[in-house]
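File shown: model05.pdb. Contents: PDB, C-alpha atoms, pLDDT in the B column.
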```pdb
ATOM      1  CA  MET A1338       0.000   0.000   0.000  1.00 47.00           C
ATOM      2  CA  THR A1339       1.399   3.387  -0.904  1.00 48.00           C
ATOM      3  CA  ALA A1340       1.448   6.120   1.676  1.00 55.00           C
ATOM      4  CA  SER A1341      -1.187   8.746   1.110  1.00 80.00           C
ATOM      5  CA  VAL A1342      -0.168  10.768   4.168  1.00 92.00           C
ATOM      6  CA  SER A1343       3.393  12.017   4.473  1.00 93.00           C
ATOM      7  CA  VAL A1344       5.657  11.146   7.378  1.00 95.00           C
ATOM      8  CA  VAL A1345       5.979  14.870   8.093  1.00 95.00           C
ATOM      9  CA  ASP A1346       2.194  15.185   8.479  1.00 94.00           C
ATOM     10  CA  LYS A1347       2.026  12.081  10.667  1.00 96.00           C
ATOM     11  CA  LYS A1348       4.804  13.397  12.907  1.00 96.00           C
ATOM     12  CA  ALA A1349       3.094  16.783  13.217  1.00 95.00           C
ATOM     13  CA  PHE A1350      -0.156  15.071  14.163  1.00 95.00           C
ATOM     14  CA  VAL A1351       1.404  12.726  16.732  1.00 97.00           C
ATOM     15  CA  ARG A1352       3.254  15.643  18.359  1.00 96.00           C
ATOM     16  CA  TRP A1353       0.044  17.706  18.428  1.00 95.00           C
ATOM     17  CA  PHE A1354      -1.903  14.752  19.846  1.00 95.00           C
ATOM     18  CA  LEU A1355       0.641  14.042  22.597  1.00 96.00           C
ATOM     19  CA  LYS A1356       0.745  17.733  23.515  1.00 95.00           C
ATOM     20  CA  ASN A1357      -3.040  18.094  23.734  1.00 93.00           C
ATOM     21  CA  TYR A1358      -4.256  14.777  25.154  1.00 95.00           C
ATOM     22  CA  GLN A1359      -3.432  12.444  28.017  1.00 96.00           C
ATOM     23  CA  LEU A1360      -3.688   8.751  27.224  1.00 96.00           C
ATOM     24  CA  LYS A1361      -5.212   6.197  29.609  1.00 95.00           C
ATOM     25  CA  ARG A1362      -2.104   3.995  29.416  1.00 95.00           C
ATOM     26  CA  ARG A1363       1.439   5.368  29.633  1.00 94.00           C
ATOM     27  CA  GLU A1364       2.627   2.611  27.291  1.00 95.00           C
ATOM     28  CA  CYS A1365       0.625   4.283  24.517  1.00 95.00           C
ATOM     29  CA  VAL A1366       2.736   7.418  24.960  1.00 96.00           C
ATOM     30  CA  TRP A1367       5.869   5.288  24.653  1.00 95.00           C
ATOM     31  CA  ILE A1368       4.573   3.667  21.453  1.00 96.00           C
ATOM     32  CA  LEU A1369       3.653   7.012  19.868  1.00 97.00           C
ATOM     33  CA  ASN A1370       7.047   8.471  20.820  1.00 96.00           C
ATOM     34  CA  TYR A1371       8.731   5.425  19.303  1.00 96.00           C
ATOM     35  CA  LEU A1372       6.845   6.068  16.062  1.00 96.00           C
ATOM     36  CA  LEU A1373       8.162   9.641  16.067  1.00 96.00           C
ATOM     37  CA  SER A1374      11.715   8.323  16.194  1.00 95.00           C
ATOM     38  CA  ASN A1375      11.369   5.863  13.300  1.00 94.00           C
ATOM     39  CA  ASP A1376      10.482   7.321   9.882  1.00 94.00           C
ATOM     40  CA  ASP A1377      10.521   3.928   8.129  1.00 93.00           C
ATOM     41  CA  LEU A1378       8.001   2.559  10.598  1.00 94.00           C
ATOM     42  CA  LEU A1379       5.880   5.714  10.475  1.00 94.00           C
ATOM     43  CA  LYS A1380       5.526   5.237   6.706  1.00 94.00           C
ATOM     44  CA  ARG A1381       3.636   2.001   7.444  1.00 95.00           C
ATOM     45  CA  ILE A1382       1.291   3.549  10.021  1.00 96.00           C
ATOM     46  CA  ARG A1383      -2.288   4.332   8.990  1.00 97.00           C
ATOM     47  CA  PHE A1384      -4.606   6.326  11.230  1.00 96.00           C
ATOM     48  CA  VAL A1385      -8.110   4.938  10.732  1.00 95.00           C
ATOM     49  CA  GLU A1386     -11.466   4.513  12.405  1.00 92.00           C
ATOM     50  CA  GLU A1387     -12.774   1.072  13.389  1.00 92.00           C
ATOM     51  CA  ALA A1388      -9.249  -0.379  13.441  1.00 94.00           C
ATOM     52  CA  HIS A1389     -10.418  -3.662  14.952  1.00 93.00           C
ATOM     53  CA  TYR A1390     -11.419  -4.750  11.429  1.00 94.00           C
ATOM     54  CA  CYS A1391      -7.792  -4.468  10.260  1.00 95.00           C
ATOM     55  CA  PRO A1392      -5.386  -7.430  10.222  1.00 96.00           C
ATOM     56  CA  ARG A1393      -2.891  -5.614  12.485  1.00 96.00           C
ATOM     57  CA  ALA A1394      -4.073  -2.730  14.607  1.00 97.00           C
ATOM     58  CA  MET A1395      -3.850  -0.768  17.830  1.00 97.00           C
ATOM     59  CA  VAL A1396      -6.586   1.159  19.582  1.00 97.00           C
ATOM     60  CA  MET A1397      -5.560   3.809  22.100  1.00 96.00           C
ATOM     61  CA  SER A1398      -7.813   6.074  24.163  1.00 96.00           C
ATOM     62  CA  THR A1399      -7.394   9.345  26.002  1.00 95.00           C
ATOM     63  CA  VAL A1400      -8.549   9.771  29.588  1.00 95.00           C
ATOM     64  CA  ASP A1401     -11.490  11.903  28.472  1.00 92.00           C
ATOM     65  CA  SER A1402     -12.875   9.337  26.015  1.00 91.00           C
ATOM     66  CA  THR A1403     -15.090   6.336  26.669  1.00 89.00           C
ATOM     67  CA  GLY A1404     -12.956   3.958  24.594  1.00 89.00           C
ATOM     68  CA  VAL A1405     -10.968   1.008  25.898  1.00 93.00           C
ATOM     69  CA  PRO A1406      -7.551   2.113  27.239  1.00 95.00           C
ATOM     70  CA  PHE A1407      -5.578  -0.066  24.801  1.00 96.00           C
ATOM     71  CA  ARG A1408      -6.114  -2.973  22.422  1.00 96.00           C
ATOM     72  CA  PHE A1409      -3.804  -4.725  19.972  1.00 96.00           C
ATOM     73  CA  TYR A1410      -5.238  -6.853  17.163  1.00 96.00           C
ATOM     74  CA  LYS A1411      -3.306  -9.234  14.967  1.00 95.00           C
ATOM     75  CA  GLY A1412      -5.242 -11.736  12.932  1.00 90.00           C
ATOM     76  CA  ASN A1413      -7.713 -13.396  15.284  1.00 90.00           C
ATOM     77  CA  VAL A1414      -5.762 -12.422  18.401  1.00 91.00           C
ATOM     78  CA  MET A1415      -6.672  -9.463  20.604  1.00 94.00           C
ATOM     79  CA  THR A1416      -4.719  -8.372  23.672  1.00 95.00           C
ATOM     80  CA  ALA A1417      -4.518  -5.447  26.069  1.00 95.00           C
ATOM     81  CA  ASP A1418      -0.796  -6.093  26.562  1.00 93.00           C
ATOM     82  CA  ALA A1419       0.975  -3.019  25.187  1.00 91.00           C
ATOM     83  CA  GLU A1420       4.410  -4.618  25.575  1.00 90.00           C
ATOM     84  CA  LYS A1421       3.467  -7.462  23.198  1.00 91.00           C
ATOM     85  CA  SER A1422       2.216  -4.965  20.646  1.00 92.00           C
ATOM     86  CA  PHE A1423       5.383  -2.885  20.978  1.00 91.00           C
ATOM     87  CA  HIS A1424       7.454  -6.033  20.427  1.00 92.00           C
ATOM     88  CA  ASP A1425       5.374  -6.908  17.342  1.00 94.00           C
ATOM     89  CA  LEU A1426       5.719  -3.344  16.064  1.00 92.00           C
ATOM     90  CA  ARG A1427       9.517  -3.530  16.269  1.00 91.00           C
ATOM     91  CA  LEU A1428       9.772  -7.045  14.795  1.00 93.00           C
ATOM     92  CA  HIS A1429       7.472  -6.422  11.833  1.00 93.00           C
ATOM     93  CA  GLU A1430       8.314  -2.894  10.721  1.00 90.00           C
ATOM     94  CA  GLN A1431       7.532  -3.715   7.083  1.00 92.00           C
ATOM     95  CA  GLU A1432       3.897  -4.596   7.809  1.00 94.00           C
ATOM     96  CA  ASP A1433       1.173  -1.961   7.841  1.00 95.00           C
ATOM     97  CA  MET A1434      -0.135  -1.025  11.273  1.00 96.00           C
ATOM     98  CA  TYR A1435      -3.529   0.614  11.641  1.00 97.00           C
ATOM     99  CA  ILE A1436      -4.034   2.885  14.627  1.00 97.00           C
ATOM    100  CA  GLN A1437      -7.327   4.139  16.002  1.00 96.00           C
ATOM    101  CA  LEU A1438      -7.166   6.981  18.505  1.00 95.00           C
ATOM    102  CA  ASN A1439     -10.210   7.538  20.691  1.00 94.00           C
ATOM    103  CA  PHE A1440     -10.333  11.145  21.859  1.00 92.00           C
ATOM    104  CA  PRO A1441     -12.873  13.972  22.021  1.00 87.00           C
ATOM    105  CA  ASN A1442     -13.061  14.855  18.362  1.00 76.00           C
ATOM    106  CA  ILE A1443     -16.173  16.928  17.756  1.00 72.00           C
ATOM    107  CA  PRO A1444     -15.811  18.873  15.633  1.00 75.00           C
ATOM    108  CA  PRO A1445     -12.937  16.927  14.055  1.00 78.00           C
ATOM    109  CA  SER A1446      -9.660  18.804  14.290  1.00 83.00           C
ATOM    110  CA  ALA A1447      -7.801  19.771  11.131  1.00 86.00           C
ATOM    111  CA  GLN A1448      -4.720  17.960  12.458  1.00 88.00           C
ATOM    112  CA  TYR A1449      -6.643  14.688  12.762  1.00 91.00           C
ATOM    113  CA  LEU A1450      -8.390  15.023   9.411  1.00 90.00           C
ATOM    114  CA  ALA A1451      -5.010  15.603   7.759  1.00 91.00           C
ATOM    115  CA  VAL A1452      -3.838  12.083   8.705  1.00 95.00           C
ATOM    116  CA  LEU A1453      -7.095  10.124   8.871  1.00 94.00           C
ATOM    117  CA  GLU A1454      -7.287   7.521   6.108  1.00 94.00           C
ATOM    118  CA  GLU A1455     -10.161   5.401   4.909  1.00 91.00           C
ATOM    119  CA  ASN A1456     -10.142   1.967   6.504  1.00 92.00           C
ATOM    120  CA  PRO A1457      -9.749  -0.522   3.607  1.00 91.00           C
ATOM    121  CA  TYR A1458     -10.957  -3.383   5.828  1.00 91.00           C
ATOM    122  CA  MET A1459     -14.235  -1.790   6.885  1.00 86.00           C
ATOM    123  CA  PRO A1460     -17.115  -4.102   5.954  1.00 82.00           C
ATOM    124  CA  GLU A1461     -19.226  -2.620   3.175  1.00 74.00           C
ATOM    125  CA  THR A1462     -22.348  -3.136   5.260  1.00 70.00           C
ATOM    126  CA  LEU A1463     -21.033  -0.561   7.741  1.00 60.00           C
ATOM    127  CA  LEU A1464     -20.137   2.102   5.215  1.00 55.00           C
ATOM    128  CA  VAL A1465     -22.646   4.895   4.881  1.00 61.00           C
ATOM    129  CA  SER A1466     -23.304   5.715   1.276  1.00 61.00           C
ATOM    130  CA  GLU A1467     -23.571   9.304   0.085  1.00 61.00           C
ATOM    131  CA  LYS A1468     -27.226   8.673  -0.734  1.00 65.00           C
ATOM    132  CA  ASP A1469     -27.896   7.439   2.823  1.00 65.00           C
ATOM    133  CA  ARG A1470     -26.060  10.429   4.299  1.00 63.00           C
ATOM    134  CA  ILE A1471     -28.143  12.872   2.239  1.00 70.00           C
ATOM    135  CA  LEU A1472     -31.363  11.087   3.221  1.00 68.00           C
ATOM    136  CA  ALA A1473     -30.386  11.241   6.909  1.00 68.00           C
ATOM    137  CA  GLU A1474     -29.614  14.954   6.647  1.00 73.00           C
ATOM    138  CA  GLU A1475     -32.960  15.617   4.935  1.00 77.00           C
ATOM    139  CA  LEU A1476     -34.830  13.632   7.584  1.00 76.00           C
ATOM    140  CA  LEU A1477     -33.101  15.535  10.362  1.00 74.00           C
ATOM    141  CA  SER A1478     -33.738  18.880   8.684  1.00 78.00           C
ATOM    142  CA  ASN A1479     -37.429  18.077   8.096  1.00 79.00           C
ATOM    143  CA  SER A1480     -37.846  16.909  11.687  1.00 80.00           C
ATOM    144  CA  LEU A1481     -36.329  20.151  12.921  1.00 80.00           C
ATOM    145  CA  LEU A1482     -38.730  22.204  10.750  1.00 83.00           C
ATOM    146  CA  VAL A1483     -41.748  20.276  12.049  1.00 83.00           C
ATOM    147  CA  PHE A1484     -40.574  20.772  15.638  1.00 83.00           C
ATOM    148  CA  GLN A1485     -40.041  24.517  15.106  1.00 86.00           C
ATOM    149  CA  GLU A1486     -43.450  24.870  13.447  1.00 87.00           C
ATOM    150  CA  GLU A1487     -45.233  22.995  16.252  1.00 89.00           C
ATOM    151  CA  LYS A1488     -43.479  25.127  18.859  1.00 89.00           C
ATOM    152  CA  LEU A1489     -44.476  28.355  17.093  1.00 88.00           C
ATOM    153  CA  LEU A1490     -48.098  27.180  16.742  1.00 90.00           C
ATOM    154  CA  ALA A1491     -48.244  26.430  20.470  1.00 91.00           C
ATOM    155  CA  GLN A1492     -46.832  29.900  21.237  1.00 92.00           C
ATOM    156  CA  ILE A1493     -49.370  31.491  18.851  1.00 92.00           C
ATOM    157  CA  ASP A1494     -52.209  29.660  20.663  1.00 92.00           C
ATOM    158  CA  GLU A1495     -50.840  30.919  23.975  1.00 92.00           C
ATOM    159  CA  ALA A1496     -50.670  34.501  22.662  1.00 91.00           C
ATOM    160  CA  LEU A1497     -54.311  34.218  21.475  1.00 92.00           C
ATOM    161  CA  ASP A1498     -55.421  32.829  24.851  1.00 93.00           C
ATOM    162  CA  GLN A1499     -53.714  35.759  26.586  1.00 93.00           C
ATOM    163  CA  GLY A1500     -55.063  38.311  24.101  1.00 93.00           C
ATOM    164  CA  ASP A1501     -51.519  39.460  23.260  1.00 92.00           C
ATOM    165  CA  GLU A1502     -52.055  40.853  19.771  1.00 91.00           C
ATOM    166  CA  ALA A1503     -48.474  42.102  19.290  1.00 92.00           C
ATOM    167  CA  ARG A1504     -47.014  38.712  20.260  1.00 92.00           C
ATOM    168  CA  PHE A1505     -49.550  36.969  17.988  1.00 91.00           C
ATOM    169  CA  TYR A1506     -48.450  39.014  14.953  1.00 91.00           C
ATOM    170  CA  GLU A1507     -44.760  38.594  15.803  1.00 92.00           C
ATOM    171  CA  LEU A1508     -45.085  34.803  16.091  1.00 90.00           C
ATOM    172  CA  SER A1509     -47.287  34.612  12.975  1.00 90.00           C
ATOM    173  CA  ASN A1510     -44.606  36.427  10.988  1.00 91.00           C
ATOM    174  CA  LEU A1511     -41.961  34.009  12.302  1.00 89.00           C
ATOM    175  CA  LEU A1512     -44.179  31.077  11.303  1.00 87.00           C
ATOM    176  CA  GLN A1513     -44.667  32.519   7.826  1.00 89.00           C
ATOM    177  CA  ALA A1514     -40.896  33.041   7.419  1.00 85.00           C
ATOM    178  CA  LEU A1515     -40.254  29.456   8.556  1.00 82.00           C
ATOM    179  CA  LYS A1516     -42.749  28.128   5.992  1.00 83.00           C
ATOM    180  CA  GLU A1517     -41.194  30.227   3.215  1.00 82.00           C
ATOM    181  CA  THR A1518     -37.736  28.919   4.146  1.00 77.00           C
ATOM    182  CA  ALA A1519     -39.087  25.354   4.044  1.00 75.00           C
ATOM    183  CA  ASN A1520     -40.615  25.929   0.599  1.00 76.00           C
ATOM    184  CA  LEU A1521     -37.303  27.218  -0.787  1.00 69.00           C
ATOM    185  CA  ARG A1522     -35.662  23.873  -0.099  1.00 62.00           C
TER     186      ARG A1522
END
```

As structure tokens - that is how I would like this structure written.
Amino acid sequence: MTASVSVVDKKAFVRWFLKNYQLKRRECVWILNYLLSNDDLLKRIRFVEEAHYCPRAMVMSTVDSTGVPFRFYKGNVMTADAEKSFHDLRLHEQEDMYIQLNFPNIPPSAQYLAVLEENPYMPETLLVSEKDRILAEELLSNSLLVFQEEKLLAQIDEALDQGDEARFYELSNLLQALKETANLR
């Protein structure tokens, strides 16, 4: 597999990550620092999501994430022993290693997006198609419009019950603007 992310970018990301986050296991810091010291190895590192689907992978989590502290996957074997994974990393430098980092990432940072690669081992059934993404966005948007409309109608009813003519006209104008916005879509 050819590298789509440069070693320079990976180093910049790992340094940024280590500076900004504390990992649940200190061994993870050692592993990431080892990667910084070995350009040949860093060429074979791929930062991905859902790394457990990959043939050889590590999952590391920061203290402020809900992810497992550390996992190493190789074939059908999974272990939480960071020393074994470090040993495997050193012995098999020519094999690709996929790393998943669990950390607060909303919105995704530019540093992370610069090194994040598509996971080639992700089952197709888990991939969200562009069509599905658009449908989900439309559903969410429509649900939000319905909610806003219902809320405005309830407030209009309340203004009528209270005889608040100014509030009634203000809310009616907001409702009209919301409907016009919905029709433009």

query: Quick one, how far is atom CA of A:Val1351 from atom CA of A:Asn1456?
result: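 Separation between atom CA of A:Val1351 and atom CA of A:Asn1456: 18.8 Å.
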
Do you know which residues are at most 8 Å from A:Val1405 counting all atoms listed in the file, after dropping those on the same chain fewer than 6 positions away, and could you put them as an mmCIF file with C-alpha atoms, keeping the file's coordinate frame?
```
data_model
loop_
_atom_site.group_PDB
_atom_site.id
_atom_site.type_symbol
_atom_site.label_atom_id
_atom_site.label_comp_id
_atom_site.auth_asym_id
_atom_site.auth_seq_id
_atom_site.Cartn_x
_atom_site.Cartn_y
_atom_site.Cartn_z
ATOM 1 C CA VAL A 1396 -6.586 1.159 19.582
ATOM 2 C CA MET A 1397 -5.560 3.809 22.100
ATOM 3 C CA SER A 1398 -7.813 6.074 24.163
#
```

Would you pick out the contacts of A:Glu1454 at 7 Å or less, using all atoms listed in the file, so that residues sharing its chain but fewer than 3 positions from it are not included, and give the list as an mmCIF file with C-alpha atoms, keeping the file's coordinate frame?
```cif
data_model
loop_
_atom_site.group_PDB
_atom_site.id
_atom_site.type_symbol
_atom_site.label_atom_id
_atom_site.label_comp_id
_atom_site.auth_asym_id
_atom_site.auth_seq_id
_atom_site.Cartn_x
_atom_site.Cartn_y
_atom_site.Cartn_z
ATOM 1 C CA ARG A 1383 -2.288 4.332 8.990
ATOM 2 C CA PHE A 1384 -4.606 6.326 11.230
ATOM 3 C CA VAL A 1385 -8.110 4.938 10.732
#
```

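The residue set within 7 Å of stretch 1423-1434 of chain A, counting all atoms listed in the file and dropping same-chain residues fewer than 3 places from it, reads Ile1368, Leu1378, Arg1381, Ile1382, Arg1383, Arg1393, Ala1394, Ala1419 and Glu1420 of chain A.
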
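Atom CA of A:Gln1513 to atom CA of A:Leu1477 spans 20.7 Å [interatomic distance, one decimal].
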
Save stretch 1428-1440 of chain A to disk from that block, N, CA, C and O atoms included, as a short mmCIF file (atom, residue, chain, number, x, y, z; two decimals), in the first residue's frame.
```cif
data_model
loop_
_atom_site.label_atom_id
_atom_site.label_comp_id
_atom_site.auth_asym_id
_atom_site.auth_seq_id
_atom_site.Cartn_x
_atom_site.Cartn_y
_atom_site.Cartn_z
N LEU A 1428 9.38 -5.87 15.57
CA LEU A 1428 9.77 -7.05 14.79
C LEU A 1428 9.23 -7.04 13.36
O LEU A 1428 9.82 -7.67 12.49
N HIS A 1429 8.13 -6.39 13.14
CA HIS A 1429 7.47 -6.42 11.83
C HIS A 1429 7.28 -5.01 11.28
O HIS A 1429 6.16 -4.63 10.91
N GLU A 1430 8.37 -4.29 11.18
CA GLU A 1430 8.31 -2.89 10.72
C GLU A 1430 7.84 -2.75 9.28
O GLU A 1430 7.39 -1.68 8.89
N GLN A 1431 7.93 -3.80 8.49
CA GLN A 1431 7.53 -3.71 7.08
C GLN A 1431 6.06 -4.01 6.86
O GLN A 1431 5.58 -3.93 5.73
N GLU A 1432 5.33 -4.34 7.92
CA GLU A 1432 3.90 -4.60 7.81
C GLU A 1432 3.12 -3.34 8.19
O GLU A 1432 3.50 -2.63 9.12
N ASP A 1433 2.02 -3.10 7.50
CA ASP A 1433 1.17 -1.96 7.84
C ASP A 1433 0.57 -2.15 9.23
O ASP A 1433 0.19 -3.26 9.61
N MET A 1434 0.50 -1.04 9.96
CA MET A 1434 -0.13 -1.03 11.27
C MET A 1434 -1.21 0.05 11.23
O MET A 1434 -0.95 1.19 10.81
N TYR A 1435 -2.40 -0.31 11.63
CA TYR A 1435 -3.53 0.61 11.64
C TYR A 1435 -3.77 1.05 13.08
O TYR A 1435 -3.84 0.22 13.99
N ILE A 1436 -3.86 2.34 13.28
CA ILE A 1436 -4.03 2.89 14.63
C ILE A 1436 -5.32 3.70 14.69
O ILE A 1436 -5.56 4.58 13.87
N GLN A 1437 -6.11 3.38 15.71
CA GLN A 1437 -7.33 4.14 16.00
C GLN A 1437 -7.09 4.87 17.31
O GLN A 1437 -6.73 4.26 18.32
N LEU A 1438 -7.30 6.18 17.30
CA LEU A 1438 -7.17 6.98 18.50
C LEU A 1438 -8.55 7.45 18.93
O LEU A 1438 -9.25 8.10 18.16
N ASN A 1439 -8.93 7.10 20.15
CA ASN A 1439 -10.21 7.54 20.69
C ASN A 1439 -9.97 8.77 21.55
O ASN A 1439 -9.31 8.68 22.59
N PHE A 1440 -10.48 9.90 21.11
CA PHE A 1440 -10.33 11.14 21.86
C PHE A 1440 -11.49 12.07 21.49
O PHE A 1440 -12.11 11.89 20.45
#
```
